[in-house]
>>> print(open('upload-v1.cif').read())   # mmCIF, C-alpha atoms and all ligand atoms
data_start
#
loop_
_atom_site.label_atom_id
_atom_site.label_comp_id
_atom_site.auth_asym_id
_atom_site.auth_seq_id
_atom_site.Cartn_x
_atom_site.Cartn_y
_atom_site.Cartn_z
CA MET A 1 12.49 8.11 6.30
CA TYR A 2 10.95 5.21 8.07
CA SER A 3 12.76 2.16 9.20
CA ALA A 4 10.79 -0.81 8.03
CA ASP A 5 13.00 -3.54 9.39
CA THR A 6 13.31 -3.27 13.14
CA ASP A 7 14.38 -5.85 15.64
CA ASP A 8 12.03 -4.60 18.33
CA GLN A 9 10.88 -7.80 19.98
CA ASP A 10 8.39 -5.95 22.16
CA ALA A 11 6.29 -4.83 19.22
CA ALA A 12 2.67 -4.52 20.19
CA ARG A 13 0.36 -7.36 19.25
CA ARG A 14 -2.90 -6.89 17.46
CA PRO A 15 -6.06 -7.29 19.50
CA ASP A 16 -6.83 -10.43 17.48
CA GLY A 17 -3.39 -11.90 18.13
CA GLY A 18 -1.65 -11.01 14.87
CA PRO A 19 1.38 -8.76 15.00
CA LEU A 20 0.87 -5.12 14.15
CA PRO A 21 3.03 -3.49 11.50
CA SER A 22 5.81 -1.67 13.24
CA ALA A 23 8.22 0.93 12.00
CA THR A 24 9.96 3.37 14.27
CA GLN A 25 8.55 2.03 17.51
CA PRO A 26 9.33 4.46 20.31
CA HIS A 27 12.42 3.27 22.14
CA GLY A 28 13.86 4.00 25.53
CA SER A 29 12.38 4.04 28.99
CA GLY A 30 10.79 6.67 31.15
CA LEU A 31 7.35 8.17 31.27
CA GLU A 32 7.59 10.05 28.00
CA SER A 33 8.45 6.99 25.92
CA LEU A 34 5.78 4.99 27.76
CA ARG A 35 3.23 7.66 26.86
CA ARG A 36 4.33 7.55 23.24
CA ARG A 37 4.12 3.75 23.12
CA ASN A 38 0.69 3.68 24.70
CA THR A 39 -0.64 6.44 22.44
CA ALA A 40 0.57 4.45 19.43
CA LEU A 41 -1.07 1.30 20.78
CA VAL A 42 -4.45 2.98 21.37
CA ALA A 43 -4.32 4.70 17.96
CA ARG A 44 -3.57 1.41 16.16
CA THR A 45 -6.30 -0.38 18.10
CA LEU A 46 -8.83 2.25 17.00
CA LEU A 47 -7.63 2.08 13.39
CA HIS A 48 -7.96 -1.70 13.46
CA ARG A 49 -11.27 -1.98 15.33
CA GLY A 50 -13.06 1.23 14.40
CA PRO A 51 -15.11 3.10 17.05
CA SER A 52 -14.82 1.30 20.39
CA ALA A 53 -15.82 1.74 24.02
CA ARG A 54 -12.92 2.56 26.35
CA SER A 55 -13.57 -0.71 28.18
CA GLU A 56 -13.10 -2.58 24.88
CA ILE A 57 -9.77 -0.83 24.24
CA VAL A 58 -8.70 -1.65 27.81
CA HIS A 59 -9.53 -5.29 27.10
CA ALA A 60 -7.78 -5.30 23.71
CA THR A 61 -4.59 -3.50 24.82
CA GLY A 62 -4.13 -4.66 28.40
CA LEU A 63 -3.72 -1.04 29.56
CA SER A 64 -5.32 -0.03 32.87
CA ALA A 65 -8.59 1.91 32.89
CA THR A 66 -6.81 4.86 34.56
CA SER A 67 -4.12 4.97 31.84
CA MET A 68 -6.81 4.69 29.21
CA THR A 69 -8.76 7.68 30.54
CA LYS A 70 -5.56 9.74 30.60
CA ILE A 71 -4.40 8.70 27.12
CA THR A 72 -7.77 9.19 25.44
CA ALA A 73 -8.04 12.66 27.02
CA GLN A 74 -4.59 13.57 25.67
CA MET A 75 -5.48 12.18 22.26
CA ALA A 76 -8.71 14.17 22.21
CA ARG A 77 -6.80 17.37 23.04
CA ALA A 78 -4.38 16.55 20.21
CA ARG A 79 -7.37 16.13 17.84
CA MET A 80 -6.57 12.48 17.22
CA LEU A 81 -9.73 11.15 18.82
CA VAL A 82 -13.37 12.09 19.34
CA GLU A 83 -16.04 10.91 21.72
CA LEU A 84 -19.15 9.63 19.98
CA THR A 85 -22.73 9.70 21.24
CA ALA A 86 -23.29 7.56 24.32
CA VAL A 87 -24.94 4.19 23.82
CA ALA A 88 -26.94 2.38 26.51
CA GLY A 89 -24.90 -0.11 28.54
CA GLY A 90 -26.11 -3.71 28.74
CA ASN A 91 -27.68 -5.15 31.92
CA MET A 92 -28.64 -1.74 33.34
CA GLY A 93 -24.98 -0.72 33.19
CA ARG A 94 -23.80 2.85 32.75
CA PRO A 95 -24.10 4.28 29.23
CA ARG A 96 -20.93 3.67 27.24
CA VAL A 97 -19.28 6.47 25.31
CA PRO A 98 -17.41 5.01 22.35
CA VAL A 99 -14.34 6.80 21.05
CA ALA A 100 -13.09 6.91 17.46
CA LEU A 101 -10.23 8.39 15.48
CA ASP A 102 -10.96 12.03 14.63
CA THR A 103 -11.39 11.92 10.85
CA ALA A 104 -12.28 15.60 10.48
CA TYR A 105 -9.02 17.34 11.27
CA TYR A 106 -5.68 15.81 10.26
CA ARG A 107 -4.81 14.60 6.76
CA PHE A 108 -2.13 12.49 5.10
CA VAL A 109 -1.09 13.51 1.58
CA GLY A 110 -0.52 10.65 -0.88
CA ILE A 111 1.00 11.15 -4.34
CA HIS A 112 1.64 8.41 -6.89
CA ILE A 113 3.82 9.14 -9.91
CA GLY A 114 2.82 6.75 -12.68
CA LEU A 115 3.85 6.18 -16.25
CA ARG A 116 1.04 8.23 -17.76
CA ARG A 117 -0.31 10.30 -14.89
CA THR A 118 0.28 11.56 -11.38
CA THR A 119 -2.46 10.79 -8.89
CA GLY A 120 -2.71 12.58 -5.56
CA GLY A 121 -5.16 12.83 -2.71
CA LEU A 122 -5.82 13.21 0.98
CA LEU A 123 -6.50 10.49 3.52
CA ASP A 124 -8.16 11.04 6.87
CA LEU A 125 -6.82 9.47 10.08
CA ALA A 126 -8.78 6.28 9.40
CA GLY A 127 -7.15 5.93 5.97
CA ASP A 128 -10.23 6.84 3.93
CA VAL A 129 -9.82 8.93 0.78
CA VAL A 130 -11.15 12.45 1.33
CA THR A 131 -10.18 13.88 -2.06
CA GLU A 132 -8.38 12.62 -5.16
CA HIS A 133 -7.04 14.18 -8.38
CA ALA A 134 -5.43 12.48 -11.38
CA LEU A 135 -3.33 14.56 -13.79
CA THR A 136 -2.22 13.15 -17.12
CA HIS A 137 1.46 14.09 -17.62
CA ARG A 138 1.71 17.29 -19.66
CA GLY A 139 5.33 16.51 -20.52
CA ARG A 140 7.35 13.32 -20.18
CA THR A 141 10.58 14.89 -18.93
CA GLN A 142 11.67 14.34 -15.35
CA LYS A 143 11.48 18.08 -14.70
CA ALA A 144 7.93 18.38 -16.03
CA ILE A 145 6.70 15.39 -14.01
CA LEU A 146 8.33 16.66 -10.79
CA ASN A 147 6.89 20.16 -11.28
CA GLU A 148 3.46 18.67 -11.77
CA ALA A 149 3.82 16.60 -8.57
CA ARG A 150 4.90 19.71 -6.60
CA GLU A 151 1.90 21.68 -7.85
CA LEU A 152 -0.40 18.83 -6.91
CA ARG A 153 1.18 18.60 -3.43
CA ASP A 154 0.68 22.35 -2.85
CA GLN A 155 -2.93 22.12 -3.98
CA LEU A 156 -3.57 19.18 -1.61
CA VAL A 157 -1.99 20.98 1.36
CA THR A 158 -4.34 23.91 0.70
CA GLU A 159 -7.32 21.56 0.42
CA ALA A 160 -6.29 19.93 3.73
CA GLY A 161 -6.63 23.35 5.41
CA GLY A 162 -2.94 24.27 5.57
CA PRO A 163 0.37 22.62 6.49
CA GLU A 164 -0.52 22.42 10.20
CA ARG A 165 -3.22 19.89 9.34
CA VAL A 166 -0.95 17.66 7.25
CA LEU A 167 0.78 14.93 9.28
CA GLY A 168 3.03 13.89 6.43
CA THR A 169 3.29 13.32 2.71
CA GLY A 170 3.92 10.01 0.99
CA VAL A 171 5.23 9.78 -2.57
CA ALA A 172 5.31 6.44 -4.34
CA THR A 173 6.45 5.41 -7.77
CA GLY A 174 7.50 2.28 -9.66
CA GLY A 175 10.97 0.86 -10.04
CA ARG A 176 13.56 0.58 -7.28
CA VAL A 177 13.18 3.16 -4.56
CA ASP A 178 15.27 3.52 -1.40
CA PRO A 179 13.06 4.87 1.40
CA HIS A 180 16.06 5.53 3.66
CA THR A 181 17.75 7.94 1.25
CA GLY A 182 14.52 9.10 -0.44
CA VAL A 183 16.02 8.34 -3.84
CA VAL A 184 14.44 6.64 -6.85
CA VAL A 185 17.42 4.43 -7.68
CA ASP A 186 16.12 3.12 -10.99
CA HIS A 187 12.77 3.49 -12.73
CA PRO A 188 13.34 2.02 -16.21
CA LEU A 189 9.85 2.83 -17.54
CA LEU A 190 10.17 6.54 -16.68
CA GLY A 191 13.90 6.52 -17.52
CA TRP A 192 14.79 7.82 -14.04
CA LYS A 193 18.07 7.02 -12.32
CA ASN A 194 19.10 8.29 -8.87
CA VAL A 195 16.39 10.92 -8.61
CA PRO A 196 16.31 12.48 -5.08
CA LEU A 197 12.52 12.41 -4.90
CA ALA A 198 12.20 13.19 -1.16
CA GLN A 199 14.36 16.27 -1.61
CA GLU A 200 12.50 17.32 -4.77
CA LEU A 201 9.13 17.11 -3.03
CA GLY A 202 10.20 18.34 0.40
CA THR A 203 8.64 21.52 1.73
CA ASP A 204 9.83 24.39 3.90
CA ASP A 205 7.17 23.77 6.52
CA GLY A 206 9.07 20.89 8.11
CA ARG A 207 6.35 18.28 7.55
CA PRO A 208 7.92 14.89 6.78
CA VAL A 209 8.00 13.38 3.28
CA PHE A 210 8.14 9.59 2.92
CA ILE A 211 9.18 7.89 -0.29
CA ASP A 212 8.86 4.26 -1.33
CA SER A 213 8.02 2.01 -4.24
CA SER A 214 4.34 1.96 -5.13
CA VAL A 215 4.22 -1.81 -4.67
CA ARG A 216 5.56 -1.63 -1.10
CA ALA A 217 3.30 1.34 -0.36
CA MET A 218 0.28 -0.66 -1.48
CA ALA A 219 1.44 -3.66 0.58
CA LEU A 220 1.33 -1.36 3.62
CA ALA A 221 -2.13 -0.09 2.66
CA GLU A 222 -3.40 -3.68 2.35
CA THR A 223 -2.02 -4.40 5.81
CA TYR A 224 -3.37 -1.33 7.56
CA LEU A 225 -6.58 -0.71 5.68
CA SER A 226 -7.70 -3.62 3.58
CA ALA A 227 -7.53 -7.31 2.70
CA ALA A 228 -4.46 -8.21 4.78
CA ARG A 229 -5.42 -6.40 8.00
CA HIS A 230 -5.87 -9.71 9.84
CA ALA A 231 -2.77 -11.33 8.32
CA GLY A 232 0.56 -11.44 10.12
CA SER A 233 2.45 -12.33 6.93
CA SER A 234 1.26 -11.49 3.46
CA ILE A 235 2.48 -10.94 -0.07
CA PHE A 236 1.08 -8.14 -2.20
CA LEU A 237 1.61 -9.07 -5.84
CA PHE A 238 1.15 -6.14 -8.21
CA ILE A 239 0.71 -6.82 -11.92
CA GLY A 240 0.25 -3.69 -14.03
CA ASN A 241 2.62 -1.68 -16.21
CA ILE A 242 5.14 -2.58 -13.55
CA VAL A 243 5.24 -5.90 -11.72
CA GLY A 244 6.56 -6.52 -8.23
CA ALA A 245 5.81 -7.87 -4.78
CA GLY A 246 5.56 -6.27 -1.35
CA LEU A 247 6.43 -8.67 1.45
CA MET A 248 5.00 -8.33 4.96
CA VAL A 249 6.85 -10.75 7.22
CA ASP A 250 5.47 -11.23 10.73
CA GLY A 251 3.94 -7.76 10.67
CA ARG A 252 6.95 -5.98 9.19
CA LEU A 253 7.47 -4.71 5.69
CA ARG A 254 10.53 -6.41 4.28
CA LEU A 255 12.76 -3.83 2.65
CA GLY A 256 15.84 -5.96 2.05
CA HIS A 257 19.58 -5.36 2.06
CA ASP A 258 19.48 -3.08 -1.03
CA ALA A 259 15.87 -1.92 -0.59
CA ALA A 260 15.15 -4.41 -3.37
CA ALA A 261 13.01 -7.06 -1.64
CA GLY A 262 10.12 -8.13 -3.87
CA THR A 263 11.90 -7.44 -7.16
CA ILE A 264 10.44 -10.38 -9.06
CA ASP A 265 10.13 -8.77 -12.52
CA HIS A 266 12.55 -11.23 -14.08
CA LEU A 267 11.48 -14.42 -12.35
CA PRO A 268 11.63 -17.13 -15.07
CA LEU A 269 8.33 -18.98 -15.42
CA GLY A 270 9.31 -21.75 -17.84
CA HIS A 271 7.23 -20.45 -20.73
CA THR A 272 8.49 -18.30 -23.59
CA ALA A 273 6.64 -15.16 -24.66
CA GLN A 274 6.14 -14.19 -28.29
CA GLY A 275 7.46 -10.80 -29.27
CA THR A 276 10.09 -8.37 -28.02
CA PRO A 277 12.28 -9.72 -25.21
CA CYS A 278 12.15 -8.04 -21.81
CA ARG A 279 14.83 -5.42 -21.04
CA CYS A 280 16.55 -8.17 -19.00
CA GLY A 281 17.00 -10.09 -22.26
CA ARG A 282 14.66 -12.93 -21.35
CA THR A 283 11.41 -13.89 -22.98
CA ASP A 284 10.26 -16.16 -20.15
CA CYS A 285 10.22 -13.78 -17.18
CA LEU A 286 7.19 -12.48 -15.28
CA ALA A 287 7.49 -8.97 -16.78
CA ALA A 288 7.79 -10.34 -20.34
CA LEU A 289 4.82 -12.67 -19.88
CA ALA A 290 2.45 -10.78 -17.65
CA SER A 291 2.93 -6.98 -17.42
CA ASP A 292 0.17 -4.81 -18.93
CA VAL A 293 2.66 -3.37 -21.42
CA ALA A 294 3.85 -6.81 -22.55
CA VAL A 295 0.33 -8.22 -22.97
CA LEU A 296 -0.73 -5.09 -24.86
CA GLU A 297 2.33 -5.36 -27.10
CA ARG A 298 1.41 -8.97 -27.97
CA ALA A 299 -2.18 -7.94 -28.69
CA ARG A 300 -0.99 -5.13 -30.98
CA GLN A 301 1.44 -7.42 -32.84
CA ALA A 302 -1.26 -10.04 -33.34
CA GLY A 303 -3.59 -7.36 -34.71
CA VAL A 304 -6.12 -7.95 -31.91
CA VAL A 305 -6.11 -4.19 -31.17
CA PRO A 306 -4.78 -1.24 -33.25
CA SER A 307 -1.14 -0.22 -32.79
CA HIS A 308 -2.04 2.85 -30.68
CA ALA A 309 -4.60 1.05 -28.49
CA SER A 310 -4.51 1.20 -24.69
CA PHE A 311 -4.60 -1.73 -22.28
CA GLU A 312 -8.15 -0.73 -21.34
CA SER A 313 -9.25 -1.12 -24.96
CA LEU A 314 -7.88 -4.68 -24.95
CA VAL A 315 -10.02 -5.39 -21.87
CA THR A 316 -13.05 -3.82 -23.57
CA LYS A 317 -12.42 -5.93 -26.67
CA SER A 318 -12.31 -9.07 -24.54
CA ARG A 319 -15.58 -8.12 -22.82
CA SER A 320 -17.29 -7.53 -26.15
CA GLY A 321 -16.62 -11.12 -27.19
CA SER A 322 -13.19 -11.22 -28.87
CA ALA A 323 -11.92 -14.76 -28.22
CA GLN A 324 -8.34 -13.71 -29.10
CA ALA A 325 -8.35 -10.83 -26.60
CA ALA A 326 -9.87 -13.05 -23.90
CA ALA A 327 -7.26 -15.77 -24.57
CA LEU A 328 -4.37 -13.30 -24.18
CA LEU A 329 -5.75 -12.01 -20.87
CA ARG A 330 -6.48 -15.51 -19.60
CA GLU A 331 -2.94 -16.68 -20.45
CA ARG A 332 -1.57 -13.67 -18.61
CA ALA A 333 -3.63 -14.59 -15.56
CA GLU A 334 -2.25 -18.15 -15.72
CA HIS A 335 1.35 -16.88 -15.84
CA VAL A 336 0.63 -14.74 -12.79
CA GLY A 337 -0.82 -17.85 -11.14
CA THR A 338 2.43 -19.72 -11.75
CA ALA A 339 4.40 -16.84 -10.16
CA ALA A 340 1.93 -16.71 -7.24
CA GLY A 341 2.44 -20.46 -6.70
CA ILE A 342 6.21 -19.99 -6.50
CA LEU A 343 5.83 -17.12 -4.01
CA LEU A 344 3.34 -19.06 -1.87
CA ASP A 345 5.71 -22.04 -1.72
CA LEU A 346 8.62 -19.78 -0.84
CA MET A 347 7.01 -17.74 1.94
CA ASP A 348 3.87 -19.63 2.98
CA PRO A 349 2.10 -16.36 3.89
CA ASP A 350 -1.38 -16.11 5.44
CA LEU A 351 -2.54 -14.32 2.30
CA LEU A 352 -1.40 -13.39 -1.20
CA VAL A 353 -3.17 -10.22 -2.32
CA LEU A 354 -3.36 -9.32 -6.02
CA GLY A 355 -3.45 -5.77 -7.38
CA GLY A 356 -2.99 -3.79 -10.60
CA GLY A 357 -4.37 -3.93 -14.14
CA LEU A 358 -4.67 -7.69 -13.73
CA LEU A 359 -7.85 -7.13 -11.74
CA GLN A 360 -9.58 -5.47 -14.69
CA THR A 361 -10.33 -9.04 -15.73
CA PRO A 362 -11.59 -10.72 -12.55
CA GLU A 363 -13.22 -13.37 -14.77
CA HIS A 364 -9.77 -15.00 -15.04
CA LEU A 365 -9.09 -15.24 -11.29
CA ASP A 366 -10.21 -18.88 -11.22
CA ALA A 367 -7.76 -19.70 -14.03
CA LEU A 368 -5.05 -17.87 -12.04
CA ARG A 369 -5.78 -19.90 -8.89
CA ALA A 370 -5.82 -23.14 -10.91
CA ALA A 371 -2.39 -22.34 -12.40
CA ALA A 372 -1.07 -21.56 -8.91
CA ALA A 373 -2.48 -24.85 -7.56
CA ALA A 374 -0.80 -26.74 -10.42
CA ARG A 375 2.56 -25.20 -9.45
CA LEU A 376 2.21 -25.50 -5.66
CA SER A 377 3.52 -28.36 -3.57
CA ARG A 378 0.34 -27.98 -1.47
CA PRO A 379 -2.35 -26.97 -3.98
CA THR A 380 -4.83 -25.82 -1.30
CA ALA A 381 -2.57 -22.82 -0.61
CA ALA A 382 -4.01 -21.31 -3.82
CA GLU A 383 -7.19 -20.60 -1.82
CA ARG A 384 -5.22 -17.90 -0.01
CA ILE A 385 -4.99 -15.80 -3.20
CA VAL A 386 -7.40 -12.85 -2.95
CA PRO A 387 -7.95 -9.64 -4.92
CA THR A 388 -7.08 -6.29 -3.34
CA GLY A 389 -9.77 -4.65 -1.25
CA LEU A 390 -8.37 -1.15 -1.75
CA GLY A 391 -10.71 -0.32 -4.62
CA GLU A 392 -10.84 2.92 -6.56
CA GLY A 393 -8.52 5.06 -4.44
CA SER A 394 -5.77 2.42 -4.23
CA LEU A 395 -2.94 4.69 -5.50
CA VAL A 396 -3.74 7.42 -2.97
CA ARG A 397 -4.34 4.91 -0.17
CA GLY A 398 -0.99 3.29 -1.05
CA SER A 399 1.15 6.42 -1.10
CA GLY A 400 -0.80 7.93 1.81
CA SER A 401 -0.06 4.77 3.81
CA LEU A 402 3.63 5.75 3.96
CA PRO A 403 3.04 8.64 6.42
CA LEU A 404 0.09 6.74 7.92
CA HIS A 405 2.43 3.82 8.76
CA ALA A 406 4.93 6.20 10.38
CA PHE A 407 2.17 7.96 12.31
CA PHE A 408 0.55 4.82 13.72
CA SER A 409 3.98 3.49 14.70
CA ASP A 410 4.75 6.59 16.79
CA PRO A 411 2.18 9.41 16.51
CA VAL A 412 3.39 11.89 19.14
CA PRO A 413 6.50 13.26 17.33
CA MET A 414 4.47 13.79 14.12
CA LEU A 415 1.85 15.98 15.75
CA PRO A 416 2.42 19.68 15.08
CA VAL A 417 3.33 21.43 18.34
ZN ZN A 501 12.70 -9.62 -17.58
#
>>> encode(input="upload-v1.cif", output="structure tokens", more="lines below")
Ligand SMILES: [Zn+2]
Amino acid sequence: MYSADTDDQDAARRPDGGPLPSATQPHGSGLESLRRRNTALVARTLLHRGPSARSEIVHATGLSATSMTKITAQMARARMLVELTAVAGGNMGRPRVPVALDTAYYRFVGIHIGLRRTTGGLLDLAGDVVTEHALTHRGRTQKAILNEARELRDQLVTEAGGPERVLGTGVATGGRVDPHTGVVVDHPLLGWKNVPLAQELGTDDGRPVFIDSSVRAMALAETYLSAARHAGSSIFLFIGNIVGAGLMVDGRLRLGHDAAAGTIDHLPLGHTAQGTPCRCGRTDCLAALASDVAVLERARQAGVVPSHASFESLVTKSRSGSAQAAALLRERAEHVGTAAGILLDLMDPDLLVLGGGLLQTPEHLDALRAAAAARLSRPTAAERIVPTGLGEGSLVRGSGSLPLHAFFSDPVPMLPV
């Protein structure tokens, strides 16, 4: 389990000045812990910058050229790093040999357990999706869904080339998840309570399994791999079947006292929804006004789509010119804007990144930003609202970012011996 909230004041800084995410930073003194810290620093620098000359990494990290040569040689032996083809040096200088993360060998497994399907895949060391599979749930029981996830995990380990090439597995799902205990505390939409997910998906090969909420996992992915990689503090606001926020504060993922930070489902927005109240009893909360399921329910009740229709068919209907469908989706975007305005006022982050089914209708992003500006005490902060950059493989990149985060915080102990 990773520790997301640390008080390590010596956390490495990003080359561009922003703080790097930090989890279990290597502690202690002595040569071994220094080697671990420096390996982590060089690995994160390469993840952040992409292929770089050693001299550039020296400049970015402040390490000496001698240390750099030693560390990159060790990393190459450990199959973390490769030397690329030499490029000519400027001003008649010696040719430079850039180095890059080795994306051919090690893999992270990422599995996302959703309401309707389980999605799993492999990430390479640079966080790119190598392979992805989505399985629609064959049965809705907890047992059936867990069996399916185990089968998918085994298949992915085989596709990775065996357990010795898997650095770790990340499993993410909705609801409240405690990454320290590996337990899904409460997932109302799946009807799960106190499910020991880390234990259920653990393997005999000793490779670590990391569990967290899908929203926090995606917040990490945004920070390491996407829109928020230059932001020290950011909010990832997910609006889909579930709603929630992942909070990165000064480079650290905020977990909270009860692992419940970012639980904003029932934030009242001062507007009452038509239809069935939320499970919290309110009709004016973010989940009741803006989740995919709530918007779809309103569309069904108003006869805009048939009673068995999916959220996607509501989006299609809107695209094909239905003013009613478009109005429902636009109103939803405005409610999300109001919530985004509240969050921006509260935390004043560098960026607020949006994700989820909400982005199936990017045509309403301007309306969302306008609603945020109307709510904000400083309306210009609404310009810091951006869509996710994770794209198609976002579920795999999210769940795979759980072991990726642990690895780039302290790679050495996760390497197979
Ligand atoms: Zn509610």
>>> residues_near_point(input="upload-v1.cif", point="(14.7, -15.9, -20.0)", cutoff="10 Å", atoms="all atoms listed in the file", output="PyMOL selection string")
chain A and resi 266-273+277-278+280-286+288
>>> atom_distance(input="upload-v1.cif", atom1="atom CA of A:Leu296", atom2="atom CA of A:Leu344")
27.2 Å
>>> closest_residue(input="upload-v1.cif", among="A:Met68, A:Ala60, A:Leu329, A:Ala260", to="A:Asn38", atoms="all atoms listed in the file")
A:Met68
>>> closest_atom_pairs(input="upload-v1.cif", of="stretch 23-112 of chain A", to="stretch 128-148 of chain A", cutoff="12 Å", atoms="all atoms listed in the file", output="tab-separated table")
residue	atom	partner	partner_atom	distance
A:Leu47	CA	A:Asp128	CA	10.9
A:Leu101	CA	A:Asp128	CA	11.7
A:Asp102	CA	A:Asp128	CA	11.9
A:Thr103	CA	A:Asp128	CA	8.7
A:Ala104	CA	A:Val130	CA	9.7
A:Tyr105	CA	A:Val130	CA	11.3
A:Tyr106	CA	A:Val130	CA	11.0
A:Arg107	CA	A:Val130	CA	8.6
A:Phe108	CA	A:Val129	CA	9.5
A:Val109	CA	A:Thr131	CA	9.8
A:Gly110	CA	A:Glu132	CA	9.2
A:Ile111	CA	A:His133	CA	9.5
A:His112	CA	A:Ala134	CA	9.3
>>> closest_residue(input="upload-v1.cif", among="A:Trp192, A:Ser313, A:Val353, A:Glu200", to="A:Leu247", atoms="only C-alpha atoms")
A:Val353
>>> atom_distance(input="upload-v1.cif", atom1="atom CA of A:Ala299", atom2="atom CA of A:Arg369")
23.4 Å
>>> atom_distance(input="upload-v1.cif", atom1="atom CA of A:Ile385", atom2="atom CA of A:Ile242")
19.6 Å
>>> closest_residue(input="upload-v1.cif", among="A:Pro387, A:Gly341, A:Ser310, A:Thr361", to="A:Ala327", atoms="only C-alpha atoms")
A:Thr361
>>> closest_residue(input="upload-v1.cif", among="A:Ala340, A:Ala325, A:Ala374, A:Ala302", to="A:Gly244", atoms="only C-alpha atoms")
A:Ala340
>>> closest_residue(input="upload-v1.cif", among="A:Leu115, A:Leu395, A:Val99, A:Leu152", to="A:Gly191", atoms="all atoms listed in the file")
A:Leu115
>>> residues_around(input="upload-v1.cif", residues="A:Leu352", least_positions_apart="6", cutoff="10 Å", atoms="all atoms listed in the file", output="MDAnalysis selection string")
chainID A and resid 227:228 231 233:237 245:247 340:341 343:344 381:388
>>> closest_residue(input="upload-v1.cif", among="A:Val195, A:Val305, A:Leu328, A:Ala371", to="A:Gln274", atoms="all atoms listed in the file")
A:Leu328
>>> residues_around(input="upload-v1.cif", residues="A:Gly50", least_positions_apart="4", cutoff="8 Å", atoms="only C-alpha atoms", output="list in words")
Thr45, Leu46, Ala100 and Leu101 of chain A
>>> decode(input="upload-v1.cif", residues="stretch 119-134 of chain A", atoms="N, CA and C atoms", output="PDB file, in the first residue's frame")
ATOM      1  N   THR A 119     -12.093  -3.186 -17.107  1.00  0.00           N
ATOM      2  CA  THR A 119     -11.143  -2.817 -18.145  1.00  0.00           C
ATOM      3  C   THR A 119      -9.742  -3.021 -17.597  1.00  0.00           C
ATOM      4  N   GLY A 120      -8.898  -3.700 -18.353  1.00  0.00           N
ATOM      5  CA  GLY A 120      -7.541  -3.937 -17.867  1.00  0.00           C
ATOM      6  C   GLY A 120      -6.542  -3.768 -18.979  1.00  0.00           C
ATOM      7  N   GLY A 121      -5.305  -3.452 -18.617  1.00  0.00           N
ATOM      8  CA  GLY A 121      -4.279  -3.296 -19.641  1.00  0.00           C
ATOM      9  C   GLY A 121      -2.900  -3.217 -19.028  1.00  0.00           C
ATOM     10  N   LEU A 122      -1.924  -3.037 -19.920  1.00  0.00           N
ATOM     11  CA  LEU A 122      -0.529  -2.919 -19.511  1.00  0.00           C
ATOM     12  C   LEU A 122      -0.010  -1.542 -19.886  1.00  0.00           C
ATOM     13  N   LEU A 123       0.777  -0.964 -18.982  1.00  0.00           N
ATOM     14  CA  LEU A 123       1.484   0.279 -19.274  1.00  0.00           C
ATOM     15  C   LEU A 123       2.972  -0.024 -19.356  1.00  0.00           C
ATOM     16  N   ASP A 124       3.685   0.706 -20.229  1.00  0.00           N
ATOM     17  CA  ASP A 124       5.139   0.588 -20.211  1.00  0.00           C
ATOM     18  C   ASP A 124       5.697   1.570 -19.172  1.00  0.00           C
ATOM     19  N   LEU A 125       7.027   1.617 -19.064  1.00  0.00           N
ATOM     20  CA  LEU A 125       7.633   2.459 -18.016  1.00  0.00           C
ATOM     21  C   LEU A 125       7.340   3.940 -18.198  1.00  0.00           C
ATOM     22  N   ALA A 126       7.033   4.344 -19.435  1.00  0.00           N
ATOM     23  CA  ALA A 126       6.720   5.760 -19.671  1.00  0.00           C
ATOM     24  C   ALA A 126       5.229   6.049 -19.488  1.00  0.00           C
ATOM     25  N   GLY A 127       4.461   5.022 -19.088  1.00  0.00           N
ATOM     26  CA  GLY A 127       3.036   5.236 -18.814  1.00  0.00           C
ATOM     27  C   GLY A 127       2.153   5.148 -20.046  1.00  0.00           C
ATOM     28  N   ASP A 128       2.696   4.660 -21.150  1.00  0.00           N
ATOM     29  CA  ASP A 128       1.864   4.498 -22.349  1.00  0.00           C
ATOM     30  C   ASP A 128       1.182   3.132 -22.345  1.00  0.00           C
ATOM     31  N   VAL A 129      -0.049   3.098 -22.885  1.00  0.00           N
ATOM     32  CA  VAL A 129      -0.820   1.854 -22.903  1.00  0.00           C
ATOM     33  C   VAL A 129      -0.262   0.931 -23.983  1.00  0.00           C
ATOM     34  N   VAL A 130       0.126  -0.276 -23.565  1.00  0.00           N
ATOM     35  CA  VAL A 130       0.680  -1.257 -24.499  1.00  0.00           C
ATOM     36  C   VAL A 130      -0.440  -2.163 -25.009  1.00  0.00           C
ATOM     37  N   THR A 131      -1.351  -2.535 -24.100  1.00  0.00           N
ATOM     38  CA  THR A 131      -2.464  -3.386 -24.487  1.00  0.00           C
ATOM     39  C   THR A 131      -3.643  -3.097 -23.564  1.00  0.00           C
ATOM     40  N   GLU A 132      -4.858  -3.284 -24.077  1.00  0.00           N
ATOM     41  CA  GLU A 132      -6.050  -2.990 -23.272  1.00  0.00           C
ATOM     42  C   GLU A 132      -7.183  -3.939 -23.658  1.00  0.00           C
ATOM     43  N   HIS A 133      -7.908  -4.427 -22.645  1.00  0.00           N
ATOM     44  CA  HIS A 133      -9.081  -5.278 -22.884  1.00  0.00           C
ATOM     45  C   HIS A 133     -10.232  -4.772 -22.026  1.00  0.00           C
ATOM     46  N   ALA A 134     -11.436  -4.778 -22.583  1.00  0.00           N
ATOM     47  CA  ALA A 134     -12.612  -4.414 -21.781  1.00  0.00           C
ATOM     48  C   ALA A 134     -13.583  -5.592 -21.814  1.00  0.00           C
TER      49      ALA A 134
END
